[in-house]
Amino acid sequence: MKPIFSIVFLTIFGISFSSSAEKLFSVSSSERGITAFDFKVTEVKRAEDFSVLKIPGFQTRSASASRWMMCVYTELAILRDKEMWASIYTDNSGDDITIVFPESSAINDPAFKNVDLLGTQPQVTPVNTFKKFCGLK
């Protein structure tokens with residue numbers, strides 16, 4: 001009887017652990033001590049090569065908020081152990097932004113195949129470009 005209990009316990013523990021390891025990313029500018037603007041970035045969907053972020057008020061962001069968001073995209077890429085990211089949105093795409101994590105700067109990179117490019121030509125940004133600017137390790 002003991003081995004069955006151990007297997008059930010380990011299975012439940014493993015499921016719980018993998019669920020918590022898959023916690024979606026969320027960050028708030030106000031929680032980071034920024035007073036010039038107030039934005040919250042919440043990951044609402046995660047796949048291997050991309051994340052969909054919800055950023056209420058995204059379309060009315062200031063230049064400084066936009067730079068902060070690029071730091072957030074860079075931070076997310078680092079957390080996902082990626083070396084590049086590209087953001088996909090248009091002036092009419094609302095509050096949802098897709099962040100793709102390609103392995104090359106080519107638009108035909110496989111990471112782009114499962115996302116809607118919204119008719120745009122996304123610019124791929126190396127993590128190292130923003131790492132120092134954003135104060136990330």
# chains A, B, ... in the order shown; residues from 1 in each chain; ligands from 1

$ residues_around --residues "Cys134 in chain A" --least-positions-apart "3" --cutoff "12 Å" --atoms "only C-alpha atoms" --output "list in words"
Arg67, Trp68, Met69, Met70, Cys71, Val72, Tyr73, Thr74, Glu75, Ile78, Val127, Asn128, Thr129, Phe130, Lys131 and Lys137 of chain A

$ select_by_dssp --residues "range 1-131 of chain A" --states "helix (DSSP H, G or I)" --output "ChimeraX atom specification"
/A:2-21,58-60,63-79,110-112,127-131

$ residues_around --residues "Ala111 in chain A" --least-positions-apart "2" --cutoff "7 Å" --atoms "only C-alpha atoms" --output "PyMOL selection string"
chain A and resi 49+100-102+109+113-114

$ write_last_selection --atoms "N, CA, C and O atoms" --output "PDB file, in the first residue's frame"
ATOM      1  N   ASP A  49       7.108  29.799 -28.178  1.00  0.00           N
ATOM      2  CA  ASP A  49       7.842  30.865 -28.859  1.00  0.00           C
ATOM      3  C   ASP A  49       7.197  32.244 -28.783  1.00  0.00           C
ATOM      4  O   ASP A  49       7.665  33.176 -29.433  1.00  0.00           O
ATOM      5  N   VAL A 100       7.061  37.847 -29.517  1.00  0.00           N
ATOM      6  CA  VAL A 100       7.576  36.623 -30.124  1.00  0.00           C
ATOM      7  C   VAL A 100       9.041  36.490 -29.745  1.00  0.00           C
ATOM      8  O   VAL A 100       9.764  37.484 -29.653  1.00  0.00           O
ATOM      9  N   PHE A 101       9.479  35.256 -29.541  1.00  0.00           N
ATOM     10  CA  PHE A 101      10.865  34.976 -29.163  1.00  0.00           C
ATOM     11  C   PHE A 101      11.542  34.148 -30.262  1.00  0.00           C
ATOM     12  O   PHE A 101      11.695  32.934 -30.128  1.00  0.00           O
ATOM     13  N   PRO A 102      11.957  34.795 -31.352  1.00  0.00           N
ATOM     14  CA  PRO A 102      12.601  34.053 -32.438  1.00  0.00           C
ATOM     15  C   PRO A 102      14.052  33.714 -32.090  1.00  0.00           C
ATOM     16  O   PRO A 102      14.619  34.282 -31.149  1.00  0.00           O
ATOM     17  N   ASP A 109      11.576  33.112 -39.425  1.00  0.00           N
ATOM     18  CA  ASP A 109      11.932  32.291 -38.269  1.00  0.00           C
ATOM     19  C   ASP A 109      10.683  31.514 -37.841  1.00  0.00           C
ATOM     20  O   ASP A 109       9.583  32.068 -37.818  1.00  0.00           O
ATOM     21  N   LYS A 113       5.535  31.636 -37.096  1.00  0.00           N
ATOM     22  CA  LYS A 113       4.537  30.900 -37.884  1.00  0.00           C
ATOM     23  C   LYS A 113       3.189  30.739 -37.181  1.00  0.00           C
ATOM     24  O   LYS A 113       2.174  30.599 -37.839  1.00  0.00           O
ATOM     25  N   ASN A 114       3.150  30.782 -35.871  1.00  0.00           N
ATOM     26  CA  ASN A 114       1.893  30.569 -35.143  1.00  0.00           C
ATOM     27  C   ASN A 114       1.272  31.850 -34.591  1.00  0.00           C
ATOM     28  O   ASN A 114       0.423  31.799 -33.708  1.00  0.00           O
TER      29      ASN A 114
END

$ select_by_dssp --residues "range 20-134 of chain A" --states "strand (DSSP E)" --output "ChimeraX atom specification"
/A:26-28,40-46,50-54,84-88,96-100,125-126

$ atom_distance --atom1 "CA of Gln121 in chain A" --atom2 "CA of Val52 in chain A"
17.4 Å

$ residues_around --residues "range 55-61 of chain A" --least-positions-apart "4" --cutoff "8 Å" --atoms "only C-alpha atoms" --output "JSON, numbers by chain"
{"A": [39, 40, 41, 42, 65, 66, 91, 92, 94, 95, 96, 97]}

$ decode --residues "range 23-56 of chain A" --atoms "C-alpha atoms" --output "compact mmCIF listing (two decimals), in the first residue's frame"
# COMPACT_ATOMS: atom_id res chain seq x y z
CA LYS A 23 2.82 31.01 -13.49
CA LEU A 24 2.09 33.75 -16.00
CA PHE A 25 4.21 36.90 -15.96
CA SER A 26 2.80 40.11 -14.49
CA VAL A 27 4.41 43.42 -13.57
CA SER A 28 3.17 46.88 -12.62
CA SER A 29 5.03 50.15 -13.09
CA SER A 30 3.65 51.51 -9.82
CA GLU A 31 4.84 48.40 -7.95
CA ARG A 32 8.30 49.15 -9.34
CA GLY A 33 8.18 52.65 -7.90
CA ILE A 34 7.48 54.51 -11.15
CA THR A 35 5.28 57.56 -10.66
CA ALA A 36 5.42 59.12 -14.15
CA PHE A 37 2.84 56.63 -15.48
CA ASP A 38 0.80 53.66 -14.29
CA PHE A 39 0.72 50.54 -16.46
CA LYS A 40 0.23 46.88 -15.64
CA VAL A 41 1.53 44.22 -17.99
CA THR A 42 -0.12 40.81 -17.66
CA GLU A 43 0.73 37.72 -19.65
CA VAL A 44 -2.58 36.18 -20.72
CA LYS A 45 -1.26 33.44 -23.01
CA ARG A 46 2.04 31.60 -23.17
CA ALA A 47 3.36 29.30 -25.87
CA GLU A 48 6.86 28.02 -26.53
CA ASP A 49 7.84 30.87 -28.86
CA PHE A 50 5.50 33.70 -27.91
CA SER A 51 3.46 35.36 -25.19
CA VAL A 52 0.37 37.51 -25.43
CA LEU A 53 0.41 40.45 -23.02
CA LYS A 54 -2.52 42.60 -21.95
CA ILE A 55 -1.56 46.19 -21.22
CA PRO A 56 -4.63 48.34 -20.48
